[in-house]
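What follows is the content of target01.pdb, which has PDB, C-alpha atoms:
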ATOM      1  CA  MET R   8      11.766  61.767  67.108
ATOM      2  CA  LYS R   9      14.706  63.100  65.174
ATOM      3  CA  VAL R  10      14.425  66.259  63.101
ATOM      4  CA  SER R  11      16.967  67.095  60.421
ATOM      5  CA  ALA R  12      18.362  70.507  59.694
ATOM      6  CA  GLN R  13      15.882  70.738  56.798
ATOM      7  CA  GLY R  14      12.989  70.070  59.190
ATOM      8  CA  ALA R  15      12.315  66.467  58.116
ATOM      9  CA  ALA R  16      11.146  64.141  60.881
ATOM     10  CA  SER R  17      12.485  60.603  61.306
ATOM     11  CA  TRP R  18      10.256  58.056  63.050
ATOM     12  CA  SER R  19      10.864  54.458  64.110
ATOM     13  CA  MET R  20       8.341  51.648  63.611
ATOM     14  CA  SER R  21       8.605  48.272  65.333
ATOM     15  CA  VAL R  22       7.285  45.292  63.336
ATOM     16  CA  GLU R  23       7.145  41.835  64.839
ATOM     17  CA  GLN R  24       7.386  39.635  61.770
ATOM     18  CA  PRO R  25      10.478  38.987  59.614
ATOM     19  CA  ALA R  26      11.126  41.213  56.622
ATOM     20  CA  GLY R  27       9.723  38.729  54.113
ATOM     21  CA  ASN R  28       6.372  38.367  55.853
ATOM     22  CA  PHE R  29       3.428  39.997  54.069
ATOM     23  CA  ILE R  30       2.513  42.154  57.081
ATOM     24  CA  SER R  31       6.075  43.482  57.177
ATOM     25  CA  ARG R  32       5.921  44.204  53.452
ATOM     26  CA  VAL R  33       2.689  46.142  53.933
ATOM     27  CA  ALA R  34       4.451  48.185  56.644
ATOM     28  CA  VAL R  35       7.359  48.970  54.322
ATOM     29  CA  ASP R  36       4.947  50.104  51.593
ATOM     30  CA  PHE R  37       3.079  52.225  54.153
ATOM     31  CA  ALA R  38       6.324  53.956  55.183
ATOM     32  CA  ARG R  39       7.272  54.499  51.548
ATOM     33  CA  ASN R  40       3.883  56.073  50.782
ATOM     34  CA  VAL R  41       4.209  58.436  53.743
ATOM     35  CA  ARG R  42       7.694  59.500  52.667
ATOM     36  CA  GLN R  43       6.615  60.095  49.068
ATOM     37  CA  THR R  44       3.407  61.954  49.955
ATOM     38  CA  THR R  45       5.190  64.236  52.426
ATOM     39  CA  LYS R  46       8.072  64.749  49.975
ATOM     40  CA  GLY R  47      10.539  63.373  52.502
ATOM     41  CA  GLN R  48       9.363  65.512  55.426
ATOM     42  CA  LEU R  49       8.191  62.453  57.400
ATOM     43  CA  ASN R  50      10.437  59.409  57.163
ATOM     44  CA  ILE R  51       9.478  56.149  58.876
ATOM     45  CA  ARG R  52      12.130  53.510  59.370
ATOM     46  CA  VAL R  53      10.624  50.029  59.675
ATOM     47  CA  HIS R  54      12.411  47.604  62.026
ATOM     48  CA  PRO R  55      11.129  44.041  61.314
ATOM     49  CA  GLY R  56      11.684  40.861  63.272
ATOM     50  CA  SER R  57      11.039  42.409  66.707
ATOM     51  CA  ALA R  58      14.458  44.040  66.434
ATOM     52  CA  LEU R  59      13.424  46.922  68.688
ATOM     53  CA  TYR R  60      10.844  45.379  71.046
ATOM     54  CA  SER R  61       9.240  42.000  71.648
ATOM     55  CA  ARG R  62       5.475  41.570  71.268
ATOM     56  CA  PRO R  63       4.587  42.325  74.936
ATOM     57  CA  GLN R  64       6.675  45.518  74.920
ATOM     58  CA  VAL R  65       5.445  47.241  71.751
ATOM     59  CA  LYS R  66       2.270  48.967  72.912
ATOM     60  CA  GLY R  67       3.944  50.333  76.039
ATOM     61  CA  ALA R  68       6.885  51.624  74.019
ATOM     62  CA  VAL R  69       4.547  53.471  71.639
ATOM     63  CA  SER R  70       2.405  54.801  74.486
ATOM     64  CA  ARG R  71       5.469  56.198  76.288
ATOM     65  CA  GLY R  72       6.856  57.655  73.070
ATOM     66  CA  ASP R  73      10.006  55.515  73.085
ATOM     67  CA  ILE R  74       9.116  54.843  69.455
ATOM     68  CA  GLN R  75       6.466  56.542  67.369
ATOM     69  CA  LEU R  76       4.860  53.529  65.678
ATOM     70  CA  GLY R  77       4.391  49.862  66.395
ATOM     71  CA  ASP R  78       2.732  46.798  64.955
ATOM     72  CA  VAL R  79       1.160  44.433  67.483
ATOM     73  CA  PHE R  80      -0.996  41.316  67.429
ATOM     74  CA  MET R  81      -4.265  42.721  68.769
ATOM     75  CA  SER R  82      -5.436  39.772  70.836
ATOM     76  CA  ALA R  83      -2.108  39.736  72.696
ATOM     77  CA  LEU R  84      -3.518  42.804  74.486
ATOM     78  CA  GLY R  85      -6.448  40.794  75.856
ATOM     79  CA  ALA R  86      -5.264  41.047  79.454
ATOM     80  CA  GLU R  87      -5.820  44.823  79.206
ATOM     81  CA  ASP R  88      -9.364  44.603  77.847
ATOM     82  CA  PRO R  89     -11.540  41.738  76.523
ATOM     83  CA  LEU R  90     -12.288  43.951  73.534
ATOM     84  CA  TYR R  91      -8.891  43.117  72.058
ATOM     85  CA  GLU R  92      -9.710  39.377  72.108
ATOM     86  CA  LEU R  93     -12.805  39.707  69.948
ATOM     87  CA  ASP R  94     -11.189  38.654  66.674
ATOM     88  CA  SER R  95      -9.664  35.559  68.306
ATOM     89  CA  LEU R  96     -12.863  33.946  69.585
ATOM     90  CA  PRO R  97     -12.895  30.574  67.798
ATOM     91  CA  PHE R  98     -15.513  30.078  65.085
ATOM     92  CA  LEU R  99     -17.111  33.503  65.544
ATOM     93  CA  ALA R 100     -15.720  34.818  62.233
ATOM     94  CA  THR R 101     -14.031  32.200  60.089
ATOM     95  CA  ASP R 102     -13.807  33.734  56.611
ATOM     96  CA  TYR R 103     -12.730  37.127  55.315
ATOM     97  CA  GLU R 104     -16.239  38.450  54.735
ATOM     98  CA  GLN R 105     -17.230  37.622  58.305
ATOM     99  CA  ALA R 106     -13.964  39.065  59.598
ATOM    100  CA  ARG R 107     -14.629  42.328  57.728
ATOM    101  CA  ARG R 108     -18.080  42.593  59.293
ATOM    102  CA  LEU R 109     -16.728  41.928  62.770
ATOM    103  CA  TRP R 110     -14.036  44.578  62.287
ATOM    104  CA  ALA R 111     -16.565  47.080  60.946
ATOM    105  CA  VAL R 112     -18.715  46.840  64.098
ATOM    106  CA  SER R 113     -15.786  46.759  66.545
ATOM    107  CA  ARG R 114     -13.277  49.205  65.073
ATOM    108  CA  GLY R 115     -14.719  52.330  66.709
ATOM    109  CA  ALA R 116     -14.549  50.765  70.174
ATOM    110  CA  VAL R 117     -10.943  49.635  69.584
ATOM    111  CA  GLU R 118      -9.964  53.148  68.474
ATOM    112  CA  GLN R 119     -11.468  54.706  71.610
ATOM    113  CA  ARG R 120      -9.837  52.133  73.897
ATOM    114  CA  LEU R 121      -6.406  52.700  72.370
ATOM    115  CA  LEU R 122      -6.729  56.490  72.634
ATOM    116  CA  ALA R 123      -7.334  56.085  76.364
ATOM    117  CA  ASP R 124      -3.756  54.795  76.541
ATOM    118  CA  GLY R 125      -2.304  57.548  74.378
ATOM    119  CA  VAL R 126      -2.081  55.647  71.095
ATOM    120  CA  ARG R 127      -4.037  55.994  67.860
ATOM    121  CA  LEU R 128      -5.060  53.140  65.605
ATOM    122  CA  LEU R 129      -3.742  53.608  62.074
ATOM    123  CA  TYR R 130      -4.555  50.370  60.290
ATOM    124  CA  ALA R 131      -5.186  46.664  60.751
ATOM    125  CA  VAL R 132      -4.082  43.682  58.659
ATOM    126  CA  PRO R 133      -5.667  40.238  59.073
ATOM    127  CA  TRP R 134      -3.779  36.983  59.216
ATOM    128  CA  PRO R 135      -4.960  33.993  57.240
ATOM    129  CA  ALA R 136      -7.320  31.862  59.312
ATOM    130  CA  GLN R 137      -5.731  30.145  62.290
ATOM    131  CA  SER R 138      -5.409  26.374  61.911
ATOM    132  CA  LEU R 139      -3.729  23.495  63.702
ATOM    133  CA  PHE R 140      -0.122  22.390  63.229
ATOM    134  CA  SER R 141       0.691  19.130  64.969
ATOM    135  CA  THR R 142       3.516  16.663  65.368
ATOM    136  CA  ARG R 143       1.006  13.780  65.169
ATOM    137  CA  PRO R 144      -2.354  12.818  63.641
ATOM    138  CA  LEU R 145      -5.517  14.278  65.210
ATOM    139  CA  ARG R 146      -8.902  12.640  64.775
ATOM    140  CA  GLN R 147     -10.820  13.654  67.880
ATOM    141  CA  PRO R 148     -10.495  16.192  70.713
ATOM    142  CA  GLY R 149      -9.095  13.479  72.964
ATOM    143  CA  ASP R 150      -6.002  13.292  70.746
ATOM    144  CA  ILE R 151      -5.074  16.790  71.975
ATOM    145  CA  ARG R 152      -5.404  15.887  75.655
ATOM    146  CA  ASP R 153      -2.147  16.265  77.632
ATOM    147  CA  LEU R 154      -0.266  17.716  74.642
ATOM    148  CA  SER R 155       1.765  20.900  75.110
ATOM    149  CA  PHE R 156      -0.216  23.564  73.231
ATOM    150  CA  ARG R 157       1.593  26.737  72.172
ATOM    151  CA  SER R 158      -0.234  29.829  73.398
ATOM    152  CA  TYR R 159       0.148  33.463  72.352
ATOM    153  CA  ASN R 160      -2.803  35.106  74.092
ATOM    154  CA  PRO R 161      -5.247  34.445  76.959
ATOM    155  CA  THR R 162      -7.900  33.032  74.616
ATOM    156  CA  ILE R 163      -5.583  30.352  73.256
ATOM    157  CA  SER R 164      -4.477  29.449  76.783
ATOM    158  CA  ARG R 165      -8.094  28.946  77.773
ATOM    159  CA  LEU R 166      -8.813  26.967  74.591
ATOM    160  CA  ALA R 167      -5.927  24.648  75.423
ATOM    161  CA  GLN R 168      -7.254  24.174  78.969
ATOM    162  CA  LEU R 169     -10.741  23.309  77.697
ATOM    163  CA  LEU R 170      -9.167  20.730  75.385
ATOM    164  CA  GLU R 171      -7.289  19.363  78.426
ATOM    165  CA  ALA R 172      -3.956  20.292  76.865
ATOM    166  CA  ARG R 173      -1.110  22.163  78.568
ATOM    167  CA  PRO R 174      -0.893  25.818  77.420
ATOM    168  CA  THR R 175       2.697  26.958  76.917
ATOM    169  CA  THR R 176       3.421  30.588  76.047
ATOM    170  CA  ILE R 177       6.081  30.804  73.335
ATOM    171  CA  ASP R 178       7.019  33.874  71.280
ATOM    172  CA  THR R 179       6.840  33.403  67.525
ATOM    173  CA  GLU R 180      10.578  33.531  66.968
ATOM    174  CA  ASP R 181      11.110  30.784  69.583
ATOM    175  CA  VAL R 182       8.548  28.342  68.177
ATOM    176  CA  PRO R 183      10.863  26.145  66.035
ATOM    177  CA  GLN R 184      13.276  25.461  68.880
ATOM    178  CA  ALA R 185      10.419  24.870  71.314
ATOM    179  CA  PHE R 186       9.053  22.135  69.060
ATOM    180  CA  ARG R 187      12.488  20.611  68.583
ATOM    181  CA  ASP R 188      13.087  20.575  72.343
ATOM    182  CA  GLY R 189       9.738  18.914  72.991
ATOM    183  CA  GLN R 190       8.326  21.938  74.815
ATOM    184  CA  VAL R 191       5.453  22.144  72.306
ATOM    185  CA  ASP R 192       3.477  19.482  70.414
ATOM    186  CA  ILE R 193       0.747  21.497  68.734
ATOM    187  CA  MET R 194      -0.059  25.089  67.808
ATOM    188  CA  LEU R 195      -2.923  27.095  66.355
ATOM    189  CA  THR R 196      -1.571  29.641  63.893
ATOM    190  CA  SER R 197      -1.818  30.776  60.287
ATOM    191  CA  SER R 198      -0.408  29.173  57.173
ATOM    192  CA  ALA R 199       1.621  32.386  56.765
ATOM    193  CA  THR R 200       3.374  31.877  60.096
ATOM    194  CA  GLY R 201       3.861  28.222  59.211
ATOM    195  CA  VAL R 202       5.686  29.213  56.030
ATOM    196  CA  ASP R 203       7.709  31.922  57.822
ATOM    197  CA  LEU R 204       8.843  29.417  60.459
ATOM    198  CA  ARG R 205       9.339  26.509  58.027
ATOM    199  CA  ALA R 206       6.884  24.464  60.066
ATOM    200  CA  TRP R 207       7.627  21.390  57.927
ATOM    201  CA  ASP R 208      10.949  21.149  59.750
ATOM    202  CA  PHE R 209       9.286  20.445  63.114
ATOM    203  CA  THR R 210       5.624  19.465  62.527
ATOM    204  CA  SER R 211       4.028  16.881  60.262
ATOM    205  CA  HIS R 212       0.321  17.706  60.035
ATOM    206  CA  PHE R 213      -1.667  20.833  59.135
ATOM    207  CA  TYR R 214      -5.386  20.745  59.915
ATOM    208  CA  ASP R 215      -7.191  23.497  58.003
ATOM    209  CA  VAL R 216      -9.820  24.144  60.691
ATOM    210  CA  ARG R 217      -9.953  27.932  60.040
ATOM    211  CA  ALA R 218     -10.875  28.757  63.616
ATOM    212  CA  PHE R 219     -10.632  32.556  63.400
ATOM    213  CA  ILE R 220      -8.970  35.424  61.535
ATOM    214  CA  PRO R 221      -6.981  37.621  63.936
ATOM    215  CA  LYS R 222      -5.358  40.936  63.091
ATOM    216  CA  ASN R 223      -2.207  42.888  63.645
ATOM    217  CA  ILE R 224      -2.846  46.553  64.359
ATOM    218  CA  VAL R 225      -0.475  49.438  63.714
ATOM    219  CA  ILE R 226      -0.574  52.187  66.311
ATOM    220  CA  VAL R 227       1.025  55.623  66.593
ATOM    221  CA  ASN R 228       1.832  57.696  69.655
ATOM    222  CA  GLU R 229      -0.995  60.247  69.862
ATOM    223  CA  ARG R 230       1.209  63.117  71.071
ATOM    224  CA  ALA R 231       3.630  62.566  68.195
ATOM    225  CA  PHE R 232       0.722  62.406  65.771
ATOM    226  CA  GLN R 233      -0.784  65.666  67.009
ATOM    227  CA  ARG R 234       2.571  67.454  66.765
ATOM    228  CA  LEU R 235       2.711  66.817  63.029
ATOM    229  CA  PRO R 236       1.618  69.545  60.616
ATOM    230  CA  GLU R 237      -1.912  68.953  59.321
ATOM    231  CA  ALA R 238      -0.716  67.943  55.864
ATOM    232  CA  GLN R 239       1.529  65.250  57.335
ATOM    233  CA  ARG R 240      -1.242  63.955  59.593
ATOM    234  CA  GLN R 241      -3.473  63.581  56.559
ATOM    235  CA  ALA R 242      -0.689  61.882  54.614
ATOM    236  CA  LEU R 243      -0.236  59.395  57.454
ATOM    237  CA  LEU R 244      -3.963  58.631  57.639
ATOM    238  CA  HIS R 245      -4.323  58.261  53.871
ATOM    239  CA  ALA R 246      -1.324  55.914  53.732
ATOM    240  CA  ALA R 247      -2.876  53.921  56.581
ATOM    241  CA  GLU R 248      -6.153  53.528  54.667
ATOM    242  CA  ARG R 249      -4.212  52.326  51.653
ATOM    243  CA  ALA R 250      -2.180  49.887  53.786
ATOM    244  CA  GLU R 251      -5.304  48.393  55.332
ATOM    245  CA  ARG R 252      -6.921  47.787  51.943
ATOM    246  CA  ALA R 253      -3.731  46.245  50.589
ATOM    247  CA  GLY R 254      -3.234  44.118  53.703
ATOM    248  CA  TRP R 255      -6.690  42.550  53.546
ATOM    249  CA  GLU R 256      -6.352  41.822  49.844
ATOM    250  CA  LEU R 257      -2.878  40.353  50.211
ATOM    251  CA  SER R 258      -3.826  38.179  53.175
ATOM    252  CA  TRP R 259      -6.738  36.682  51.248
ATOM    253  CA  ALA R 260      -4.695  36.173  48.095
ATOM    254  CA  LEU R 261      -1.837  34.439  49.901
ATOM    255  CA  THR R 262      -3.930  32.001  51.938
ATOM    256  CA  GLU R 263      -4.250  29.245  49.350
ATOM    257  CA  TYR R 264      -0.681  29.686  48.101
ATOM    258  CA  GLN R 265       0.754  29.328  51.610
ATOM    259  CA  THR R 266      -1.276  26.196  52.280
ATOM    260  CA  ARG R 267       0.069  24.672  49.047
ATOM    261  CA  MET R 268       3.582  25.585  50.189
ATOM    262  CA  LEU R 269       3.114  23.515  53.334
ATOM    263  CA  ALA R 270       2.054  20.509  51.277
ATOM    264  CA  ARG R 271       4.884  21.040  48.794
ATOM    265  CA  HIS R 272       7.380  20.745  51.645
ATOM    266  CA  GLY R 273       5.982  17.425  52.764
ATOM    267  CA  MET R 274       3.390  18.345  55.374
ATOM    268  CA  GLN R 275       0.171  16.367  55.428
ATOM    269  CA  VAL R 276      -2.483  19.020  54.755
ATOM    270  CA  VAL R 277      -5.879  17.874  56.021
ATOM    271  CA  ARG R 278      -8.870  19.817  54.674
ATOM    272  CA  ASP R 279     -11.581  17.266  55.419
ATOM    273  CA  ILE R 280     -11.448  17.495  59.196
ATOM    274  CA  ASP R 281     -12.763  14.494  61.102
ATOM    275  CA  PRO R 282     -16.294  15.422  62.234
ATOM    276  CA  ALA R 283     -15.541  14.490  65.848
ATOM    277  CA  LEU R 284     -12.530  16.806  65.952
ATOM    278  CA  GLN R 285     -14.389  19.638  64.189
ATOM    279  CA  GLN R 286     -17.401  19.373  66.498
ATOM    280  CA  GLY R 287     -15.197  19.302  69.577
ATOM    281  CA  LEU R 288     -13.380  22.440  68.479
ATOM    282  CA  VAL R 289     -16.627  24.252  67.658
ATOM    283  CA  GLU R 290     -18.050  23.388  71.080
ATOM    284  CA  VAL R 291     -14.946  24.774  72.759
ATOM    285  CA  GLY R 292     -15.289  27.922  70.648
ATOM    286  CA  GLN R 293     -18.878  28.363  71.780
ATOM    287  CA  ARG R 294     -17.798  27.956  75.395
ATOM    288  CA  LEU R 295     -15.095  30.591  74.967
ATOM    289  CA  THR R 296     -17.567  33.034  73.440
ATOM    290  CA  GLU R 297     -19.999  32.476  76.311
ATOM    291  CA  GLU R 298     -17.220  33.107  78.821
ATOM    292  CA  TRP R 299     -16.149  36.229  76.948
ATOM    293  CA  LEU R 300     -19.700  37.591  76.954
ATOM    294  CA  ALA R 301     -19.952  36.986  80.697
ATOM    295  CA  ARG R 302     -16.863  39.044  81.522
ATOM    296  CA  ALA R 303     -16.823  41.638  78.747
ATOM    297  CA  GLY R 304     -19.653  43.816  80.041
ATOM    298  CA  ASP R 305     -22.786  44.974  78.250
ATOM    299  CA  THR R 306     -21.044  47.489  75.977
ATOM    300  CA  ARG R 307     -18.471  44.996  74.730
ATOM    301  CA  ALA R 308     -21.045  42.207  74.481
ATOM    302  CA  GLY R 309     -23.184  44.509  72.348
ATOM    303  CA  ILE R 310     -20.550  44.335  69.617
ATOM    304  CA  ILE R 311     -21.109  40.600  69.193
ATOM    305  CA  HIS R 312     -24.860  41.086  69.207
ATOM    306  CA  GLU R 313     -24.534  43.739  66.490
ATOM    307  CA  TYR R 314     -22.233  41.474  64.478
ATOM    308  CA  ARG R 315     -24.680  38.594  64.690
ATOM    309  CA  GLN R 316     -27.501  40.851  63.532
ATOM    310  CA  GLU R 317     -25.360  41.865  60.545
ATOM    311  CA  GLN R 318     -24.693  38.213  59.799
ATOM    312  CA  ALA R 319     -28.392  37.426  59.853
ATOM    313  CA  ARG R 320     -29.301  40.087  57.269
TER
END

When written as structure tokens, how does the structure in this file appear?
Amino acid sequence: MKVSAQGAASWSMSVEQPAGNFISRVAVDFARNVRQTTKGQLNIRVHPGSALYSRPQVKGAVSRGDIQLGDVFMSALGAEDPLYELDSLPFLATDYEQARRLWAVSRGAVEQRLLADGVRLLYAVPWPAQSLFSTRPLRQPGDIRDLSFRSYNPTISRLAQLLEARPTTIDTEDVPQAFRDGQVDIMLTSSATGVDLRAWDFTSHFYDVRAFIPKNIVIVNERAFQRLPEAQRQALLHAAERAERAGWELSWALTEYQTRMLARHGMQVVRDIDPALQQGLVEVGQRLTEEWLARAGDTRAGIIHEYRQEQAR
């Protein structure tokens, strides 16, 4: 952390997505709100496009204090704790209302788990629902067999295996070239990422299966946070609350627009999913949830039970 002669602090924030992405824009607004509320005493410089650290490096960099803030795709942390995979279990929460309920019952546990590693949760922004981009038509689960399936977390790797595809881990920024080189045939991601990557340049079909709504979380180094004066800590937390509200609203509002953008650029957007394909995907999702429950432990599993009770009310 740099401190000016006037006592102003300068923090760095790593953001994975490009500057034009809505999650990056929320981060820029968050930093601006902090600067304005603290009257320039806490300045956060946002570095988009993984300019400082790649996705696997961000949480460690924040925990060590190499940077003060970082934005990370939560389920990418699944190898550390099954808790982080909760929002990426297919067909557990498939619309924004369900995603809000799931986040409401799991947020406290995520906050405690992050603090154990020296980082504090500030806010979370959901992606539009994850759907299938493919280089070819898909009508049944068998059409995915033996295809190279882009993975970005352990859950997606396992989903690909259950579909008898070949999971291939590819960072977001490398996706277009991976498709062009034939390393990848299919991916499960959001319409927002599809627009960011110009998916129409390397895929032909978008299947709006809406499997799940994952989140990016923004974390801050706990030691750096505690060193701030109380007024600046409160300014940071209030700006985070505002960013989370704005992020959820923006994600929802952009979903339909981004899907239309894919169609406008020539992609075949399929909303009426073939029943055989839909049923096969749902069955795989149920299998993944069962496996997650078996390894998550009673405390973690209790979150899903609480969520399902909320859903039933």

Handout entry: For R:Ala253, the nearest of the candidates R:Leu49, R:Val35, R:Leu284, R:Val132, counting all atoms listed in the file
Key = R:Val132

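Atom CA of R:Ser197 to atom CA of R:Leu166 spans 16.4 Å [interatomic distance, one decimal].
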
Handout entry: Neighbour list for R:Gly292 as a PyMOL selection string, cut-off 10 Å, only C-alpha atoms, skip fewer than 6 positions in-chain
Key = chain R and resi 95-99+162+166+169+218-219+286+298

Restrict the selected residues to C-alpha atoms and save them as a PDB file, in the frame of the given file.
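To be explicit, this is the file written out as out24.pdb:
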ATOM      1  CA  SER R  95      -9.664  35.559  68.306  1.00  0.00           C
ATOM      2  CA  LEU R  96     -12.863  33.946  69.585  1.00  0.00           C
ATOM      3  CA  PRO R  97     -12.895  30.574  67.798  1.00  0.00           C
ATOM      4  CA  PHE R  98     -15.513  30.078  65.085  1.00  0.00           C
ATOM      5  CA  LEU R  99     -17.111  33.503  65.544  1.00  0.00           C
ATOM      6  CA  THR R 162      -7.900  33.032  74.616  1.00  0.00           C
ATOM      7  CA  LEU R 166      -8.813  26.967  74.591  1.00  0.00           C
ATOM      8  CA  LEU R 169     -10.741  23.309  77.697  1.00  0.00           C
ATOM      9  CA  ALA R 218     -10.875  28.757  63.616  1.00  0.00           C
ATOM     10  CA  PHE R 219     -10.632  32.556  63.400  1.00  0.00           C
ATOM     11  CA  GLN R 286     -17.401  19.373  66.498  1.00  0.00           C
ATOM     12  CA  GLU R 298     -17.220  33.107  78.821  1.00  0.00           C
TER      13      GLU R 298
END

Exercise for the section: Grab the atom CA of R:Asp305 to atom CA of R:Asp102 distance for me, in Å with one decimal place. Expected result: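 Atom-to-atom, atom CA of R:Asp305 to atom CA of R:Asp102, that is 26.0 Å.
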
Problem - Test item: residues at most 6 Å from R:Met194, all atoms listed in the file, excluding those fewer than 5 positions along its chain, as JSON, numbers by chain - result: {"R": [139, 140, 156, 157]}
